[in-house]
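Engineer: Attaching a single structure in structure tokens format; questions to follow.
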Amino acid sequence: MSQTLSITVNGESRQSTASTIAALVQELDLDPAKVAVERNSEIVPRSTLAEVALADGDVLEIVHFVGGGDHAGESDSWEVAGQRFTSRLIVGTGKYKDFEQNAAAVEASGAEIVTVAVRRVNVSDPKAPMLTDYIDPKKITYLPNTAGCFTADEAIRTLRLAREAGGWELVKLEVLGEARTLYPDMRETLQATETLAKEGFKPMVYCVDDPIAAKQLEEAGAVAVMPLGAPIGSGLGIQNRVTIRLIVEGANVPVLVDAGVGTASDAAVGMELGCDGILMNTAIAEAKDPLKMAHAMKLAVQAGRHAYLSGRMGTRKYADPSSPLAGLI
């Protein structure tokens, strides 16, 4: 007769007759290919789920991914951590009314990378739709992020689970300092970057608009630095053009503006500063017409990139007529 165990799954106590973690996943009617499992604060490799026995009092976390420009041409592609992309626009997967709208916005944006949050599986409704049902990770690069983490330990633990869930090593790291401003805690961020890099992760790191901090992150193993243009979700636009330009000039890794973009002109400004790309979520998701805004952002990123490559005219103190005055009638 099967023994009934008292265990905790995603913070909730439950009774189970499963003898192994694989049996528990099956009992919960979950797809093991779409989840990652942590048992008593230790990652359980997916290949061993059938071998790891459950014990009375075990505490488990079961997680999956949730929703948290036209290509400029191969000649103007960009590379991060050995992966090459043609779109310089990265979009998020939060705040949309549903996964269907989210998927349509990604298509309209032309983005090849989407950020995804790692959240607990809803074990009470295992058949609920998942992001992977709408945005195919085989076609679109998933960039697991640490949204909502306020310590290095929380962020590292989250990304270890993300790697187990999908095998991704290219990740987005953000460690927040406080809930009001959502500014990064750079001490914790730097610590997490060093640890993740040593473990084989390739972290793209959200940071303050500080050229010194950006260089420290690069030296710690960041494969890209992502200074904020303005507070997350504020839509204020690029408020710090001088410091972002200095970060671009001093970096040996890609620089992407992350946070603050509100409309297409903001995206263009970031690209005109020489950034390799722009990451946004709220600007598209909270637009009255997200699909039209996604398309507008795609065009703005392209336009800003072309303007940067063209080399803008110099500024002058006084007017300079377009037509020569000599020979005037």
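In the structure tokens, chains take letters A, B, ... by order of appearance, with residues numbered from 1 within each chain and ligands from 1 in the order shown.
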DSSP on the backbone, helix (DSSP H, G or I) only: what residues of range 52-156 of chain A does that give? Format it as a ChimeraX atom specification.

Structural biologist: /A:74-76,99-109,131-133,152-156

Engineer: Run DSSP on the backbone of this structure and report the residues of range 133-324 of chain A it assigns to strand (DSSP E), as a list in words.

Structural biologist: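 Strand (DSSP E) assignments inside range 133-324 of chain A correspond to Thr141, Tyr142, Leu143, Pro144, Asn145, Leu170, Val171, Lys172, Leu173, Lys202, Pro203, Met204, Val205, Tyr206, Cys207, Ala224, Val225, Met226, Pro227, Leu256, Val257, Asp258, Gly277, Ile278, Leu279 and Met280 of chain A.
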
Engineer: Would you output that residue set with N, CA, C and O atoms, as a compact mmCIF listing (two decimals), in the first residue's frame?

Structural biologist:
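Final output, saved to result.txt:
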# COMPACT_ATOMS: atom_id res chain seq x y z
N THR A 141 13.91 33.47 -29.04
CA THR A 141 14.83 33.23 -27.93
C THR A 141 14.22 33.73 -26.63
O THR A 141 13.89 34.91 -26.50
N TYR A 142 14.06 32.84 -25.68
CA TYR A 142 13.59 33.22 -24.36
C TYR A 142 14.78 33.74 -23.54
O TYR A 142 15.84 33.13 -23.51
N LEU A 143 14.56 34.86 -22.87
CA LEU A 143 15.57 35.44 -22.00
C LEU A 143 14.99 35.45 -20.58
O LEU A 143 14.32 36.40 -20.17
N PRO A 144 15.19 34.37 -19.81
CA PRO A 144 14.66 34.33 -18.44
C PRO A 144 15.22 35.49 -17.62
O PRO A 144 16.41 35.79 -17.70
N ASN A 145 14.36 36.12 -16.84
CA ASN A 145 14.85 37.24 -16.04
C ASN A 145 14.52 37.04 -14.56
O ASN A 145 13.83 36.10 -14.18
N LEU A 170 21.82 32.08 -21.45
CA LEU A 170 21.71 33.51 -21.68
C LEU A 170 20.51 34.00 -20.89
O LEU A 170 19.38 33.58 -21.13
N VAL A 171 20.75 34.88 -19.92
CA VAL A 171 19.70 35.30 -18.99
C VAL A 171 19.78 36.80 -18.76
O VAL A 171 20.81 37.44 -19.02
N LYS A 172 18.70 37.33 -18.25
CA LYS A 172 18.69 38.75 -17.86
C LYS A 172 18.67 38.83 -16.33
O LYS A 172 17.79 38.28 -15.67
N LEU A 173 19.65 39.52 -15.79
CA LEU A 173 19.77 39.68 -14.35
C LEU A 173 19.34 41.08 -13.94
O LEU A 173 19.80 42.07 -14.48
N LYS A 202 25.38 33.37 -18.84
CA LYS A 202 25.77 34.51 -19.65
C LYS A 202 24.79 35.64 -19.35
O LYS A 202 23.80 35.81 -20.05
N PRO A 203 25.06 36.40 -18.29
CA PRO A 203 24.07 37.38 -17.84
C PRO A 203 24.11 38.71 -18.59
O PRO A 203 25.16 39.33 -18.75
N MET A 204 22.95 39.12 -19.06
CA MET A 204 22.73 40.48 -19.55
C MET A 204 22.17 41.24 -18.35
O MET A 204 21.14 40.84 -17.80
N VAL A 205 22.81 42.33 -17.95
CA VAL A 205 22.56 42.87 -16.62
C VAL A 205 21.95 44.27 -16.64
O VAL A 205 22.52 45.23 -17.21
N TYR A 206 20.80 44.39 -15.99
CA TYR A 206 20.12 45.68 -15.76
C TYR A 206 20.92 46.46 -14.72
O TYR A 206 21.25 45.93 -13.66
N CYS A 207 21.21 47.73 -15.02
CA CYS A 207 22.07 48.49 -14.12
C CYS A 207 21.72 49.98 -14.15
O CYS A 207 20.94 50.45 -14.97
N ALA A 224 26.37 41.61 -21.50
CA ALA A 224 25.77 42.86 -21.98
C ALA A 224 25.40 43.68 -20.76
O ALA A 224 25.07 43.13 -19.70
N VAL A 225 25.48 45.00 -20.89
CA VAL A 225 25.04 45.88 -19.81
C VAL A 225 23.80 46.63 -20.30
O VAL A 225 23.72 47.03 -21.45
N MET A 226 22.86 46.83 -19.36
CA MET A 226 21.55 47.36 -19.74
C MET A 226 21.15 48.50 -18.82
O MET A 226 20.35 48.33 -17.89
N PRO A 227 21.72 49.69 -19.04
CA PRO A 227 21.38 50.83 -18.17
C PRO A 227 19.95 51.29 -18.38
O PRO A 227 19.42 51.24 -19.50
N LEU A 256 22.40 47.99 -24.05
CA LEU A 256 20.99 48.12 -24.42
C LEU A 256 20.28 48.96 -23.37
O LEU A 256 20.48 48.76 -22.17
N VAL A 257 19.47 49.90 -23.80
CA VAL A 257 18.65 50.65 -22.86
C VAL A 257 17.55 49.73 -22.36
O VAL A 257 16.84 49.09 -23.14
N ASP A 258 17.41 49.66 -21.05
CA ASP A 258 16.41 48.79 -20.43
C ASP A 258 15.61 49.61 -19.44
O ASP A 258 16.12 49.97 -18.39
N GLY A 277 20.80 47.97 -28.73
CA GLY A 277 19.41 47.57 -28.76
C GLY A 277 18.61 48.25 -27.67
O GLY A 277 19.15 49.00 -26.84
N ILE A 278 17.30 47.99 -27.69
CA ILE A 278 16.37 48.56 -26.72
C ILE A 278 15.50 47.44 -26.18
O ILE A 278 15.02 46.60 -26.94
N LEU A 279 15.30 47.42 -24.87
CA LEU A 279 14.38 46.47 -24.25
C LEU A 279 13.20 47.24 -23.69
O LEU A 279 13.38 48.24 -23.00
N MET A 280 12.00 46.76 -23.97
CA MET A 280 10.80 47.44 -23.46
C MET A 280 9.68 46.44 -23.23
O MET A 280 9.66 45.36 -23.83

Engineer: Contacts of Thr195 in chain A at 12 Å or less, counting only C-alpha atoms, minus same-chain residues fewer than 2 places along, as a PDB file with all heavy atoms, in the first residue's frame?

Structural biologist:
ATOM      1  N   ALA A 152      20.851  39.078  -4.223  1.00  0.00           N
ATOM      2  CA  ALA A 152      21.628  38.260  -5.151  1.00  0.00           C
ATOM      3  C   ALA A 152      21.227  36.798  -5.033  1.00  0.00           C
ATOM      4  O   ALA A 152      21.095  36.091  -6.043  1.00  0.00           O
ATOM      5  CB  ALA A 152      23.121  38.425  -4.876  1.00  0.00           C
ATOM      6  N   ASP A 153      21.019  36.323  -3.817  1.00  0.00           N
ATOM      7  CA  ASP A 153      20.666  34.919  -3.613  1.00  0.00           C
ATOM      8  C   ASP A 153      19.347  34.572  -4.298  1.00  0.00           C
ATOM      9  O   ASP A 153      19.215  33.503  -4.915  1.00  0.00           O
ATOM     10  CB  ASP A 153      20.574  34.602  -2.119  1.00  0.00           C
ATOM     11  CG  ASP A 153      21.937  34.549  -1.443  1.00  0.00           C
ATOM     12  OD1 ASP A 153      22.949  34.436  -2.169  1.00  0.00           O
ATOM     13  OD2 ASP A 153      21.992  34.640  -0.199  1.00  0.00           O
ATOM     14  N   ALA A 155      18.025  36.035  -6.908  1.00  0.00           N
ATOM     15  CA  ALA A 155      18.220  36.068  -8.354  1.00  0.00           C
ATOM     16  C   ALA A 155      18.958  34.817  -8.839  1.00  0.00           C
ATOM     17  O   ALA A 155      18.596  34.223  -9.860  1.00  0.00           O
ATOM     18  CB  ALA A 155      18.993  37.325  -8.739  1.00  0.00           C
ATOM     19  N   ILE A 156      19.991  34.425  -8.119  1.00  0.00           N
ATOM     20  CA  ILE A 156      20.772  33.250  -8.513  1.00  0.00           C
ATOM     21  C   ILE A 156      19.909  31.991  -8.459  1.00  0.00           C
ATOM     22  O   ILE A 156      19.925  31.163  -9.372  1.00  0.00           O
ATOM     23  CB  ILE A 156      22.007  33.101  -7.593  1.00  0.00           C
ATOM     24  CG1 ILE A 156      22.977  34.264  -7.841  1.00  0.00           C
ATOM     25  CG2 ILE A 156      22.699  31.767  -7.819  1.00  0.00           C
ATOM     26  CD1 ILE A 156      24.034  34.419  -6.767  1.00  0.00           C
ATOM     27  N   ARG A 157      19.133  31.860  -7.396  1.00  0.00           N
ATOM     28  CA  ARG A 157      18.258  30.696  -7.257  1.00  0.00           C
ATOM     29  C   ARG A 157      17.244  30.639  -8.400  1.00  0.00           C
ATOM     30  O   ARG A 157      16.987  29.575  -8.980  1.00  0.00           O
ATOM     31  CB  ARG A 157      17.532  30.796  -5.912  1.00  0.00           C
ATOM     32  CG  ARG A 157      16.584  29.649  -5.615  1.00  0.00           C
ATOM     33  CD  ARG A 157      15.865  29.916  -4.299  1.00  0.00           C
ATOM     34  NE  ARG A 157      14.874  28.903  -4.002  1.00  0.00           N
ATOM     35  CZ  ARG A 157      13.903  29.052  -3.111  1.00  0.00           C
ATOM     36  NH1 ARG A 157      13.819  30.195  -2.430  1.00  0.00           N
ATOM     37  NH2 ARG A 157      13.033  28.097  -2.899  1.00  0.00           N
ATOM     38  N   LEU A 159      17.498  31.870 -11.445  1.00  0.00           N
ATOM     39  CA  LEU A 159      18.102  31.541 -12.731  1.00  0.00           C
ATOM     40  C   LEU A 159      18.605  30.100 -12.781  1.00  0.00           C
ATOM     41  O   LEU A 159      18.649  29.493 -13.860  1.00  0.00           O
ATOM     42  CB  LEU A 159      19.220  32.533 -13.047  1.00  0.00           C
ATOM     43  CG  LEU A 159      18.712  33.953 -13.325  1.00  0.00           C
ATOM     44  CD1 LEU A 159      19.869  34.908 -13.585  1.00  0.00           C
ATOM     45  CD2 LEU A 159      17.747  33.965 -14.512  1.00  0.00           C
ATOM     46  N   ARG A 160      18.964  29.540 -11.657  1.00  0.00           N
ATOM     47  CA  ARG A 160      19.302  28.114 -11.642  1.00  0.00           C
ATOM     48  C   ARG A 160      18.078  27.280 -12.018  1.00  0.00           C
ATOM     49  O   ARG A 160      18.170  26.320 -12.779  1.00  0.00           O
ATOM     50  CB  ARG A 160      19.823  27.716 -10.256  1.00  0.00           C
ATOM     51  CG  ARG A 160      21.245  28.192  -9.962  1.00  0.00           C
ATOM     52  CD  ARG A 160      21.601  27.944  -8.506  1.00  0.00           C
ATOM     53  NE  ARG A 160      22.972  28.349  -8.197  1.00  0.00           N
ATOM     54  CZ  ARG A 160      23.429  28.555  -6.960  1.00  0.00           C
ATOM     55  NH1 ARG A 160      22.611  28.384  -5.914  1.00  0.00           N
ATOM     56  NH2 ARG A 160      24.680  28.926  -6.768  1.00  0.00           N
ATOM     57  N   LEU A 173      19.654  39.524 -15.794  1.00  0.00           N
ATOM     58  CA  LEU A 173      19.768  39.680 -14.347  1.00  0.00           C
ATOM     59  C   LEU A 173      19.336  41.076 -13.935  1.00  0.00           C
ATOM     60  O   LEU A 173      19.801  42.069 -14.479  1.00  0.00           O
ATOM     61  CB  LEU A 173      21.223  39.452 -13.913  1.00  0.00           C
ATOM     62  CG  LEU A 173      21.555  39.782 -12.450  1.00  0.00           C
ATOM     63  CD1 LEU A 173      20.824  38.836 -11.508  1.00  0.00           C
ATOM     64  CD2 LEU A 173      23.067  39.735 -12.219  1.00  0.00           C
ATOM     65  N   GLU A 188      24.436  44.117  -4.809  1.00  0.00           N
ATOM     66  CA  GLU A 188      23.882  42.778  -4.978  1.00  0.00           C
ATOM     67  C   GLU A 188      23.968  42.325  -6.444  1.00  0.00           C
ATOM     68  O   GLU A 188      24.212  41.152  -6.731  1.00  0.00           O
ATOM     69  CB  GLU A 188      22.425  42.749  -4.507  1.00  0.00           C
ATOM     70  CG  GLU A 188      22.234  42.997  -3.030  1.00  0.00           C
ATOM     71  CD  GLU A 188      22.668  41.797  -2.187  1.00  0.00           C
ATOM     72  OE1 GLU A 188      22.163  40.687  -2.407  1.00  0.00           O
ATOM     73  OE2 GLU A 188      23.525  41.989  -1.292  1.00  0.00           O
ATOM     74  N   THR A 189      23.774  43.261  -7.354  1.00  0.00           N
ATOM     75  CA  THR A 189      23.835  42.939  -8.782  1.00  0.00           C
ATOM     76  C   THR A 189      25.225  42.461  -9.173  1.00  0.00           C
ATOM     77  O   THR A 189      25.384  41.476  -9.907  1.00  0.00           O
ATOM     78  CB  THR A 189      23.442  44.171  -9.627  1.00  0.00           C
ATOM     79  OG1 THR A 189      22.092  44.550  -9.325  1.00  0.00           O
ATOM     80  CG2 THR A 189      23.549  43.867 -11.114  1.00  0.00           C
ATOM     81  N   LEU A 190      26.245  43.156  -8.708  1.00  0.00           N
ATOM     82  CA  LEU A 190      27.618  42.774  -9.024  1.00  0.00           C
ATOM     83  C   LEU A 190      27.948  41.405  -8.435  1.00  0.00           C
ATOM     84  O   LEU A 190      28.577  40.560  -9.097  1.00  0.00           O
ATOM     85  CB  LEU A 190      28.588  43.831  -8.489  1.00  0.00           C
ATOM     86  CG  LEU A 190      30.068  43.649  -8.842  1.00  0.00           C
ATOM     87  CD1 LEU A 190      30.269  43.642 -10.351  1.00  0.00           C
ATOM     88  CD2 LEU A 190      30.902  44.750  -8.195  1.00  0.00           C
ATOM     89  N   GLN A 191      27.516  41.165  -7.209  1.00  0.00           N
ATOM     90  CA  GLN A 191      27.758  39.873  -6.568  1.00  0.00           C
ATOM     91  C   GLN A 191      27.101  38.743  -7.365  1.00  0.00           C
ATOM     92  O   GLN A 191      27.710  37.691  -7.607  1.00  0.00           O
ATOM     93  CB  GLN A 191      27.200  39.897  -5.144  1.00  0.00           C
ATOM     94  CG  GLN A 191      27.353  38.575  -4.389  1.00  0.00           C
ATOM     95  CD  GLN A 191      26.672  38.619  -3.024  1.00  0.00           C
ATOM     96  OE1 GLN A 191      26.524  39.675  -2.410  1.00  0.00           O
ATOM     97  NE2 GLN A 191      26.226  37.463  -2.541  1.00  0.00           N
ATOM     98  N   ALA A 192      25.860  38.970  -7.776  1.00  0.00           N
ATOM     99  CA  ALA A 192      25.139  37.946  -8.537  1.00  0.00           C
ATOM    100  C   ALA A 192      25.788  37.711  -9.890  1.00  0.00           C
ATOM    101  O   ALA A 192      25.884  36.570 -10.359  1.00  0.00           O
ATOM    102  CB  ALA A 192      23.684  38.358  -8.712  1.00  0.00           C
ATOM    103  N   THR A 193      26.248  38.777 -10.529  1.00  0.00           N
ATOM    104  CA  THR A 193      26.905  38.653 -11.830  1.00  0.00           C
ATOM    105  C   THR A 193      28.136  37.767 -11.733  1.00  0.00           C
ATOM    106  O   THR A 193      28.355  36.871 -12.569  1.00  0.00           O
ATOM    107  CB  THR A 193      27.305  40.034 -12.374  1.00  0.00           C
ATOM    108  OG1 THR A 193      26.126  40.856 -12.511  1.00  0.00           O
ATOM    109  CG2 THR A 193      27.992  39.928 -13.733  1.00  0.00           C
ATOM    110  N   ALA A 197      28.355  34.113 -13.617  1.00  0.00           N
ATOM    111  CA  ALA A 197      29.378  33.931 -14.648  1.00  0.00           C
ATOM    112  C   ALA A 197      30.249  32.718 -14.333  1.00  0.00           C
ATOM    113  O   ALA A 197      30.601  31.940 -15.228  1.00  0.00           O
ATOM    114  CB  ALA A 197      30.228  35.194 -14.776  1.00  0.00           C
ATOM    115  N   LYS A 198      30.579  32.535 -13.055  1.00  0.00           N
ATOM    116  CA  LYS A 198      31.398  31.384 -12.653  1.00  0.00           C
ATOM    117  C   LYS A 198      30.653  30.070 -12.876  1.00  0.00           C
ATOM    118  O   LYS A 198      31.271  29.025 -13.082  1.00  0.00           O
ATOM    119  CB  LYS A 198      31.802  31.514 -11.179  1.00  0.00           C
ATOM    120  CG  LYS A 198      32.833  32.610 -10.925  1.00  0.00           C
ATOM    121  CD  LYS A 198      33.126  32.753  -9.443  1.00  0.00           C
ATOM    122  CE  LYS A 198      34.126  33.882  -9.183  1.00  0.00           C
ATOM    123  NZ  LYS A 198      34.356  34.084  -7.728  1.00  0.00           N
ATOM    124  N   GLU A 199      29.326  30.110 -12.830  1.00  0.00           N
ATOM    125  CA  GLU A 199      28.523  28.904 -13.011  1.00  0.00           C
ATOM    126  C   GLU A 199      28.169  28.651 -14.478  1.00  0.00           C
ATOM    127  O   GLU A 199      27.374  27.751 -14.777  1.00  0.00           O
ATOM    128  CB  GLU A 199      27.252  28.989 -12.163  1.00  0.00           C
ATOM    129  CG  GLU A 199      27.520  28.964 -10.672  1.00  0.00           C
ATOM    130  CD  GLU A 199      26.250  28.915  -9.842  1.00  0.00           C
ATOM    131  OE1 GLU A 199      25.153  28.727 -10.433  1.00  0.00           O
ATOM    132  OE2 GLU A 199      26.340  29.052  -8.605  1.00  0.00           O
ATOM    133  N   GLY A 200      28.724  29.457 -15.371  1.00  0.00           N
ATOM    134  CA  GLY A 200      28.494  29.237 -16.790  1.00  0.00           C
ATOM    135  C   GLY A 200      27.339  29.998 -17.393  1.00  0.00           C
ATOM    136  O   GLY A 200      27.027  29.835 -18.576  1.00  0.00           O
ATOM    137  N   PHE A 201      26.675  30.828 -16.597  1.00  0.00           N
ATOM    138  CA  PHE A 201      25.607  31.664 -17.143  1.00  0.00           C
ATOM    139  C   PHE A 201      26.205  32.805 -17.969  1.00  0.00           C
ATOM    140  O   PHE A 201      27.371  33.181 -17.789  1.00  0.00           O
ATOM    141  CB  PHE A 201      24.753  32.252 -16.018  1.00  0.00           C
ATOM    142  CG  PHE A 201      23.817  31.288 -15.366  1.00  0.00           C
ATOM    143  CD1 PHE A 201      24.199  30.602 -14.220  1.00  0.00           C
ATOM    144  CD2 PHE A 201      22.564  31.049 -15.893  1.00  0.00           C
ATOM    145  CE1 PHE A 201      23.336  29.701 -13.607  1.00  0.00           C
ATOM    146  CE2 PHE A 201      21.689  30.155 -15.291  1.00  0.00           C
ATOM    147  CZ  PHE A 201      22.082  29.482 -14.145  1.00  0.00           C
ATOM    148  N   LYS A 202      25.382  33.367 -18.842  1.00  0.00           N
ATOM    149  CA  LYS A 202      25.773  34.512 -19.653  1.00  0.00           C
ATOM    150  C   LYS A 202      24.789  35.640 -19.354  1.00  0.00           C
ATOM    151  O   LYS A 202      23.795  35.808 -20.049  1.00  0.00           O
ATOM    152  CB  LYS A 202      25.776  34.136 -21.135  1.00  0.00           C
ATOM    153  CG  LYS A 202      26.761  32.996 -21.442  1.00  0.00           C
ATOM    154  CD  LYS A 202      26.596  32.455 -22.836  1.00  0.00           C
ATOM    155  CE  LYS A 202      27.560  31.296 -23.078  1.00  0.00           C
ATOM    156  NZ  LYS A 202      27.374  30.684 -24.419  1.00  0.00           N
ATOM    157  N   PRO A 203      25.059  36.396 -18.293  1.00  0.00           N
ATOM    158  CA  PRO A 203      24.073  37.381 -17.840  1.00  0.00           C
ATOM    159  C   PRO A 203      24.107  38.715 -18.587  1.00  0.00           C
ATOM    160  O   PRO A 203      25.162  39.327 -18.751  1.00  0.00           O
ATOM    161  CB  PRO A 203      24.452  37.583 -16.365  1.00  0.00           C
ATOM    162  CG  PRO A 203      25.916  37.288 -16.304  1.00  0.00           C
ATOM    163  CD  PRO A 203      26.192  36.252 -17.355  1.00  0.00           C
ATOM    164  N   LEU A 217      30.636  45.626 -14.102  1.00  0.00           N
ATOM    165  CA  LEU A 217      29.804  44.485 -14.471  1.00  0.00           C
ATOM    166  C   LEU A 217      30.430  43.705 -15.621  1.00  0.00           C
ATOM    167  O   LEU A 217      30.440  42.475 -15.626  1.00  0.00           O
ATOM    168  CB  LEU A 217      28.397  44.955 -14.869  1.00  0.00           C
ATOM    169  CG  LEU A 217      27.511  45.452 -13.730  1.00  0.00           C
ATOM    170  CD1 LEU A 217      26.238  46.054 -14.292  1.00  0.00           C
ATOM    171  CD2 LEU A 217      27.170  44.305 -12.773  1.00  0.00           C
ATOM    172  N   ALA A 220      33.112  41.649 -14.392  1.00  0.00           N
ATOM    173  CA  ALA A 220      32.623  40.555 -13.550  1.00  0.00           C
ATOM    174  C   ALA A 220      32.030  39.415 -14.369  1.00  0.00           C
ATOM    175  O   ALA A 220      31.723  38.353 -13.817  1.00  0.00           O
ATOM    176  CB  ALA A 220      31.575  41.078 -12.567  1.00  0.00           C
ATOM    177  N   GLY A 221      31.839  39.641 -15.672  1.00  0.00           N
ATOM    178  CA  GLY A 221      31.318  38.569 -16.519  1.00  0.00           C
ATOM    179  C   GLY A 221      30.012  38.859 -17.225  1.00  0.00           C
ATOM    180  O   GLY A 221      29.459  37.965 -17.879  1.00  0.00           O
ATOM    181  N   ALA A 222      29.506  40.085 -17.128  1.00  0.00           N
ATOM    182  CA  ALA A 222      28.284  40.427 -17.859  1.00  0.00           C
ATOM    183  C   ALA A 222      28.554  40.369 -19.359  1.00  0.00           C
ATOM    184  O   ALA A 222      29.566  40.887 -19.835  1.00  0.00           O
ATOM    185  CB  ALA A 222      27.799  41.826 -17.471  1.00  0.00           C
TER     186      ALA A 222
END

Engineer: Name all residues at most 12 Å from Ser87 in chain A (count only C-alpha atoms; drop same-chain ones fewer than 2 positions away) and give them as a PyMOL selection string.

Structural biologist: chain A and resi 69-79+84-85+89-91+106-114+140-141+276-279+297-302+305

Engineer: Could you tell me which of A:Glu219, A:Ile232, A:Ala53, A:Tyr134 comes closest to Gly148 in chain A if we count only C-alpha atoms?

Structural biologist: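 Residue with the minimum atom-to-atom distance to Gly148 in chain A: A:Ile232.
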
Engineer: What gap, in Å, lies between CA of Gly237 in chain A and CA of Gly94 in chain A?

Structural biologist: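 Interatomic distance here is 19.3 Å.
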
Engineer: If we count only C-alpha atoms, what is near Ser47 in chain A at a cut-off of 12 Å, once residues fewer than 6 positions away on the same chain are taken out, given as a short mmCIF file (atom, residue, chain, number, x, y, z; two decimals) with N, CA and C atoms, in the first residue's frame?

Structural biologist:
data_model
loop_
_atom_site.label_atom_id
_atom_site.label_comp_id
_atom_site.auth_asym_id
_atom_site.auth_seq_id
_atom_site.Cartn_x
_atom_site.Cartn_y
_atom_site.Cartn_z
N ILE A 21 9.73 12.19 -7.48
CA ILE A 21 9.34 13.50 -8.00
C ILE A 21 8.64 13.35 -9.35
N ALA A 22 9.11 12.43 -10.17
CA ALA A 22 8.46 12.20 -11.46
C ALA A 22 7.01 11.78 -11.26
N PRO A 32 6.52 17.34 -17.67
CA PRO A 32 7.88 17.50 -17.13
C PRO A 32 8.82 18.25 -18.06
N ALA A 33 8.49 18.30 -19.34
CA ALA A 33 9.35 19.01 -20.30
C ALA A 33 9.19 20.52 -20.19
N ALA A 36 10.53 23.05 -14.09
CA ALA A 36 11.76 22.75 -13.34
C ALA A 36 11.37 22.55 -11.88
N VAL A 37 12.12 21.69 -11.20
CA VAL A 37 11.77 21.34 -9.82
C VAL A 37 12.96 21.60 -8.89
N GLU A 164 17.35 24.92 -15.48
CA GLU A 164 16.85 23.55 -15.43
C GLU A 164 15.57 23.40 -16.23
N ALA A 165 14.72 24.44 -16.24
CA ALA A 165 13.44 24.37 -16.95
C ALA A 165 13.62 24.37 -18.45
#

Engineer: Point out the residue among A:Val175, A:Thr282, A:Leu291, A:Met271 with the least atom-to-atom distance to Arg88 in chain A, counting only C-alpha atoms.

Structural biologist: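 For Arg88 in chain A, the nearest of the given residues is A:Met271.
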
Engineer: So how far away is CA of Thr115 in chain A from CA of Ala251 in chain A, in Å?

Structural biologist: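 According to the coordinates, CA of Ala251 in chain A and CA of Thr115 in chain A are separated by 22.7 Å.
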
Engineer: So which one's closest to Gly11 in chain A, A:Ile62, A:Met186, A:Leu24, A:Val44? Using only C-alpha atoms, please.

Structural biologist: A:Ile62

Engineer: Of the residues A:Ala18, A:Ala104, A:Ala285, A:Val35, which is the one nearest to Val261 in chain A, using only C-alpha atoms?

Structural biologist: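 Of the candidates, the smallest distance to Val261 in chain A is held by A:Ala285.
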
Engineer: Have a look at A:Asp289, A:Gln15, A:Ala294, A:Thr263 and name the one nearest to Glu27 in chain A; count only C-alpha atoms.

Structural biologist: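 Comparing A:Asp289, A:Gln15, A:Ala294, A:Thr263 against Glu27 in chain A, the winner is A:Gln15.
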
Engineer: When distances are computed from only C-alpha atoms, which of A:Thr132, A:Ser6, A:Asp29, A:Glu169 shows the smallest separation from Thr93 in chain A?

Structural biologist: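 For Thr93 in chain A, the nearest of the candidates is A:Thr132.
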